[in-house]
Amino acid sequence: MKNVLVISYSQTGQLHDILDSLLAPLAQAPDVRVTRYTLRPQRAYPYPWPKDEFFDVFPESALGIPDVLEPLDPAILQTDYDLVILGYQVWFLSPSIPFNSFLLSEEGKRILRGKPVMTVIGCRNMWFTAQEKVKRLLLQADARLVGNAVFVDRHVNHVSLVTIVRWLIGGKTDRYLGLFPKPGVSDKDIREASKFAEPILEHLRSGGFEDLQASLLARRAVMVRPLLAFIDKRGSFIFSKFSKKIRARGEPGDPARRPLLRFFYYYLLFALWVIAPIVSLLFLIVHLPFLPWVNREKRYLQSVRYKGRL
């Protein structure tokens with residue numbers, strides 16, 4: 001019997017829908033036992049988000065400052081797993097606070113130590129920097145990343161921006177004005193997540209995960225849009241500067257940091273609607289001479305390798 005542990009946190013529930021679809025064939029396999037666990041922060045994060053609370057988690061998200069989680073089920077800590085699947089969302093270009101808190105916790109490190117790990121990401125469209133942070137934390141926990149599958153909103157960047165704001169802050173999942181698409185990952189992509197179960201089962205039964213990512217990529221598990229990767233990288237650099245200044249004003253909920261958070265909100269609006277289109281145009285114009293480098297970076301982002309610093 002092969003034991004698979006699935007740990008995740010989903011604020012809206014869509015990531016769990018993705019995992020339900022992906023895991024269904026594994027759960028039906030007679031020689032596989034799937035154990036699922038949902039992370040529970042001691043401080044609950046609301047959905048829908050009030051706008052002020054949404055932006056108040058920005059500094060801690062960007063800086064990777066952990067929160068306190070409810071203790072894990074003791075049975076999970078006492079079981080030896082053949083594969084650990086981690087599902088996470090992206091908050092402000094970083095892994096969500098609950099998920100990051102798990103990776104940094106002693107319980108998380110104990111579970112992950114020496115284990116093959118697959119990540120499953122559900123987000124709007126920018127996950128590149130977040131996954132690099134996750135790769136680093138997994139290595140620090142002595143875990144081995146063997147696979148990654150990414151589920152994103154495939155619509156145009158500014159279209160998905162409008163729909164996700166209505167979703168996260170307004171709690172609305174309908175088609176805005178009857179013209180915009182539904183927010184988040186499409187129902188079709190969620191249904192088809194089960195196609196990734198076959199290579200997972202194959203490698204799980206063989207006990208070797210060296211080629212799992214190649215098998216997942218053959219099924220288009222990770223699609224990289226170089227322009228979004230470029231924006232993500234630059235945005236993360238700027239976010240780190242803002243987050244440090246805001247955090248220096250106080251911890252979550254401190255009124256002293258509200259003016260800077262409000263300034264960040266207006267900066268973000270300007271960056272998304274004015275700066276980003278200009279950067280996108282410049283990237284499309286000048287990237288051709290650097291196409292070999294762009295393609296190498298694309299292949300790296302699709303991989304499970306980590307070339308950063310520990």
# chains A, B, ... in the order shown; residues from 1 in each chain; ligands from 1

call {"tool": "residues_around", "arguments": {"residues": "segment 294-298 of chain A", "least_positions_apart": "6", "cutoff": "12 Å", "atoms": "only C-alpha atoms", "output": "PyMOL selection string"}}
result
chain A and resi 128+222-230+233+283-284+286-288+305-307

call {"tool": "write_last_selection", "arguments": {"atoms": "N, CA and C atoms", "output": "mmCIF file, in the first residue's frame"}}
result
data_model
loop_
_atom_site.group_PDB
_atom_site.id
_atom_site.type_symbol
_atom_site.label_atom_id
_atom_site.label_comp_id
_atom_site.auth_asym_id
_atom_site.auth_seq_id
_atom_site.Cartn_x
_atom_site.Cartn_y
_atom_site.Cartn_z
ATOM 1 N N PHE A 128 5.508 32.591 -10.250
ATOM 2 C CA PHE A 128 6.915 32.259 -10.488
ATOM 3 C C PHE A 128 7.800 32.531 -9.265
ATOM 4 N N VAL A 222 2.573 22.810 -16.641
ATOM 5 C CA VAL A 222 3.117 24.128 -16.303
ATOM 6 C C VAL A 222 3.305 24.925 -17.587
ATOM 7 N N MET A 223 2.496 25.951 -17.758
ATOM 8 C CA MET A 223 2.612 26.834 -18.914
ATOM 9 C C MET A 223 3.193 28.170 -18.433
ATOM 10 N N VAL A 224 4.267 28.596 -19.058
ATOM 11 C CA VAL A 224 4.958 29.824 -18.646
ATOM 12 C C VAL A 224 4.788 30.890 -19.718
ATOM 13 N N ARG A 225 4.270 32.049 -19.314
ATOM 14 C CA ARG A 225 4.206 33.209 -20.198
ATOM 15 C C ARG A 225 5.337 34.148 -19.782
ATOM 16 N N PRO A 226 6.385 34.266 -20.608
ATOM 17 C CA PRO A 226 7.581 35.031 -20.208
ATOM 18 C C PRO A 226 7.278 36.455 -19.769
ATOM 19 N N LEU A 227 6.316 37.108 -20.409
ATOM 20 C CA LEU A 227 5.988 38.475 -20.017
ATOM 21 C C LEU A 227 5.515 38.527 -18.574
ATOM 22 N N LEU A 228 4.639 37.613 -18.194
ATOM 23 C CA LEU A 228 4.137 37.592 -16.819
ATOM 24 C C LEU A 228 5.252 37.250 -15.834
ATOM 25 N N ALA A 229 6.161 36.369 -16.245
ATOM 26 C CA ALA A 229 7.296 36.036 -15.376
ATOM 27 C C ALA A 229 8.161 37.260 -15.137
ATOM 28 N N PHE A 230 8.351 38.069 -16.177
ATOM 29 C CA PHE A 230 9.150 39.292 -16.042
ATOM 30 C C PHE A 230 8.465 40.282 -15.106
ATOM 31 N N LYS A 233 8.714 39.081 -11.468
ATOM 32 C CA LYS A 233 10.031 39.281 -10.858
ATOM 33 C C LYS A 233 10.239 40.737 -10.455
ATOM 34 N N PHE A 283 8.659 45.132 -23.282
ATOM 35 C CA PHE A 283 9.147 43.749 -23.259
ATOM 36 C C PHE A 283 8.943 43.079 -24.614
ATOM 37 N N LEU A 284 7.773 43.266 -25.194
ATOM 38 C CA LEU A 284 7.480 42.642 -26.485
ATOM 39 C C LEU A 284 8.383 43.190 -27.587
ATOM 40 N N VAL A 286 11.579 44.528 -27.133
ATOM 41 C CA VAL A 286 13.031 44.312 -26.967
ATOM 42 C C VAL A 286 13.409 42.869 -26.638
ATOM 43 N N HIS A 287 12.446 41.972 -26.401
ATOM 44 C CA HIS A 287 12.822 40.643 -25.917
ATOM 45 C C HIS A 287 13.394 39.736 -27.003
ATOM 46 N N LEU A 288 13.146 40.042 -28.272
ATOM 47 C CA LEU A 288 13.573 39.133 -29.348
ATOM 48 C C LEU A 288 15.084 38.869 -29.361
ATOM 49 N N ARG A 305 13.992 22.280 -10.493
ATOM 50 C CA ARG A 305 15.315 22.680 -10.034
ATOM 51 C C ARG A 305 15.258 24.019 -9.297
ATOM 52 N N TYR A 306 16.260 24.266 -8.481
ATOM 53 C CA TYR A 306 16.372 25.549 -7.784
ATOM 54 C C TYR A 306 17.799 26.056 -7.946
ATOM 55 N N LYS A 307 17.940 27.250 -8.482
ATOM 56 C CA LYS A 307 19.265 27.800 -8.701
ATOM 57 C C LYS A 307 19.566 29.017 -7.825
#

call {"tool": "closest_atom_pairs", "arguments": {"of": "segment 149-266 of chain A", "to": "segment 24-45 of chain A", "cutoff": "7 Å", "atoms": "only C-alpha atoms", "output": "JSON lines"}}
result
{"residue": "A:Ser194", "atom": "CA", "partner": "A:Ala24", "partner_atom": "CA", "distance": 6.9}
{"residue": "A:Ala197", "atom": "CA", "partner": "A:Pro25", "partner_atom": "CA", "distance": 6.2}
{"residue": "A:Leu201", "atom": "CA", "partner": "A:Leu26", "partner_atom": "CA", "distance": 6.8}

call {"tool": "write_last_selection", "arguments": {"atoms": "N, CA and C atoms", "output": "mmCIF file, in the first residue's frame"}}
result
data_model
loop_
_atom_site.group_PDB
_atom_site.id
_atom_site.type_symbol
_atom_site.label_atom_id
_atom_site.label_comp_id
_atom_site.auth_asym_id
_atom_site.auth_seq_id
_atom_site.Cartn_x
_atom_site.Cartn_y
_atom_site.Cartn_z
ATOM 1 N N SER A 194 -7.555 15.777 -13.503
ATOM 2 C CA SER A 194 -7.397 14.338 -13.275
ATOM 3 C C SER A 194 -6.395 13.695 -14.226
ATOM 4 N N ALA A 197 -3.120 12.542 -12.780
ATOM 5 C CA ALA A 197 -3.065 11.429 -11.829
ATOM 6 C C ALA A 197 -2.317 10.228 -12.396
ATOM 7 N N LEU A 201 0.510 8.227 -10.382
ATOM 8 C CA LEU A 201 0.325 6.826 -9.993
ATOM 9 C C LEU A 201 1.466 5.950 -10.507
#

call {"tool": "select_by_dssp", "arguments": {"residues": "segment 64-160 of chain A", "states": "helix (DSSP H, G or I)", "output": "PyMOL selection string"}}
result
chain A and resi 74-77+97-104+106-112+128-140+157-160

call {"tool": "write_last_selection", "arguments": {"atoms": "C-alpha atoms", "output": "tab-separated table (two decimals), in the first residue's frame"}}
result
chain	number	residue	atom	x	y	z
A	74	PRO	CA	-0.99	13.47	15.52
A	75	ALA	CA	-1.75	10.52	13.24
A	76	ILE	CA	-0.21	12.43	10.32
A	77	LEU	CA	3.05	12.85	12.21
A	97	ILE	CA	0.64	33.00	4.85
A	98	PRO	CA	-0.96	29.75	6.10
A	99	PHE	CA	1.00	27.65	3.60
A	100	ASN	CA	4.27	29.50	4.26
A	101	SER	CA	3.65	29.06	7.98
A	102	PHE	CA	3.39	25.29	7.49
A	103	LEU	CA	6.68	25.13	5.57
A	104	LEU	CA	8.43	27.06	8.35
A	106	GLU	CA	8.63	22.33	13.08
A	107	GLU	CA	5.71	20.00	12.31
A	108	GLY	CA	5.95	20.84	8.63
A	109	LYS	CA	9.69	20.23	8.52
A	110	ARG	CA	9.24	16.93	10.34
A	111	ILE	CA	6.66	15.74	7.80
A	112	LEU	CA	8.65	16.88	4.77
A	128	PHE	CA	6.92	32.26	-10.49
A	129	THR	CA	8.51	34.06	-7.53
A	130	ALA	CA	6.23	32.27	-5.08
A	131	GLN	CA	7.37	28.88	-6.36
A	132	GLU	CA	11.02	29.90	-6.08
A	133	LYS	CA	10.39	30.71	-2.42
A	134	VAL	CA	8.69	27.34	-1.95
A	135	LYS	CA	11.59	25.52	-3.63
A	136	ARG	CA	14.02	27.16	-1.23
A	137	LEU	CA	11.94	26.31	1.85
A	138	LEU	CA	11.55	22.70	0.73
A	139	LEU	CA	15.30	22.35	0.34
A	140	GLN	CA	15.80	23.88	3.78
A	157	ASN	CA	-4.15	39.96	-17.41
A	158	HIS	CA	-6.38	42.99	-16.87
A	159	VAL	CA	-9.56	41.00	-17.43
A	160	SER	CA	-8.58	38.52	-14.73

call {"tool": "residues_around", "arguments": {"residues": "Ser240 of chain A", "least_positions_apart": "2", "cutoff": "12 Å", "atoms": "only C-alpha atoms", "output": "mmCIF file with C-alpha atoms, in the first residue's frame"}}
result
data_model
loop_
_atom_site.group_PDB
_atom_site.id
_atom_site.type_symbol
_atom_site.label_atom_id
_atom_site.label_comp_id
_atom_site.auth_asym_id
_atom_site.auth_seq_id
_atom_site.Cartn_x
_atom_site.Cartn_y
_atom_site.Cartn_z
ATOM 1 C CA PHE A 58 0.499 42.202 2.247
ATOM 2 C CA PRO A 59 3.672 42.887 4.294
ATOM 3 C CA GLU A 60 3.641 39.533 6.081
ATOM 4 C CA SER A 61 2.883 37.695 2.830
ATOM 5 C CA ALA A 62 5.698 39.370 0.913
ATOM 6 C CA LEU A 63 8.217 39.000 3.747
ATOM 7 C CA GLY A 64 7.319 35.381 4.509
ATOM 8 C CA PHE A 92 0.893 39.185 -3.255
ATOM 9 C CA LEU A 93 3.344 37.166 -5.408
ATOM 10 C CA SER A 94 4.277 34.928 -2.449
ATOM 11 C CA THR A 129 8.513 34.056 -7.529
ATOM 12 C CA LYS A 233 10.031 39.281 -10.858
ATOM 13 C CA ARG A 234 10.063 43.085 -11.003
ATOM 14 C CA GLY A 235 6.897 43.316 -8.934
ATOM 15 C CA SER A 236 8.345 41.070 -6.234
ATOM 16 C CA PHE A 237 11.397 43.311 -5.935
ATOM 17 C CA ILE A 238 9.198 46.386 -5.459
ATOM 18 C CA PHE A 242 7.138 48.384 0.333
ATOM 19 C CA SER A 243 6.564 45.493 2.733
ATOM 20 C CA LYS A 244 9.667 46.240 4.812
ATOM 21 C CA LYS A 245 8.668 49.885 5.256
ATOM 22 C CA ILE A 246 5.094 48.992 6.191
ATOM 23 C CA ARG A 247 6.145 46.236 8.585
ATOM 24 C CA PHE A 264 0.595 51.060 -1.530
#

call {"tool": "closest_atom_pairs", "arguments": {"of": "segment 139-252 of chain A", "to": "segment 84-90 of chain A", "cutoff": "12 Å", "atoms": "only C-alpha atoms", "output": "tab-separated table"}}
result
residue	atom	partner	partner_atom	distance
A:Ala143	CA	A:Val84	CA	9.6
A:Arg144	CA	A:Val84	CA	9.9
A:Leu145	CA	A:Val84	CA	9.6
A:Val146	CA	A:Val84	CA	10.0
A:Gly147	CA	A:Ile85	CA	9.0
A:Asn148	CA	A:Ile85	CA	9.3
A:Ala149	CA	A:Gly87	CA	9.6
A:Val150	CA	A:Gly87	CA	9.8
A:Phe151	CA	A:Gln89	CA	10.0
A:Val152	CA	A:Gln89	CA	10.3
A:Gly184	CA	A:Gln89	CA	11.5
A:Val185	CA	A:Gln89	CA	11.9
A:Ala197	CA	A:Ile85	CA	11.8
A:Ile200	CA	A:Ile85	CA	10.3
A:Leu204	CA	A:Val84	CA	10.8
A:Phe209	CA	A:Val84	CA	12.0
A:Asp232	CA	A:Val90	CA	11.7

call {"tool": "atom_distance", "arguments": {"atom1": "atom CA of Pro277 of chain A", "atom2": "atom CA of Phe54 of chain A"}}
result
24.4 Å

call {"tool": "atom_distance", "arguments": {"atom1": "atom CA of Gly178 of chain A", "atom2": "atom CA of Met126 of chain A"}}
result
25.7 Å

call {"tool": "closest_residue", "arguments": {"among": "A:Ala214, A:Val120, A:Val304, A:Leu282", "to": "Ser8 of chain A", "atoms": "only C-alpha atoms"}}
result
A:Val120

call {"tool": "closest_residue", "arguments": {"among": "A:Ala193, A:Leu22, A:Leu83, A:Val279", "to": "Arg205 of chain A", "atoms": "only C-alpha atoms"}}
result
A:Leu83

call {"tool": "select_by_dssp", "arguments": {"residues": "segment 104-237 of chain A", "states": "strand (DSSP E or B)", "output": "NGL selection string"}}
result
:A and (116-123 or 144-152)
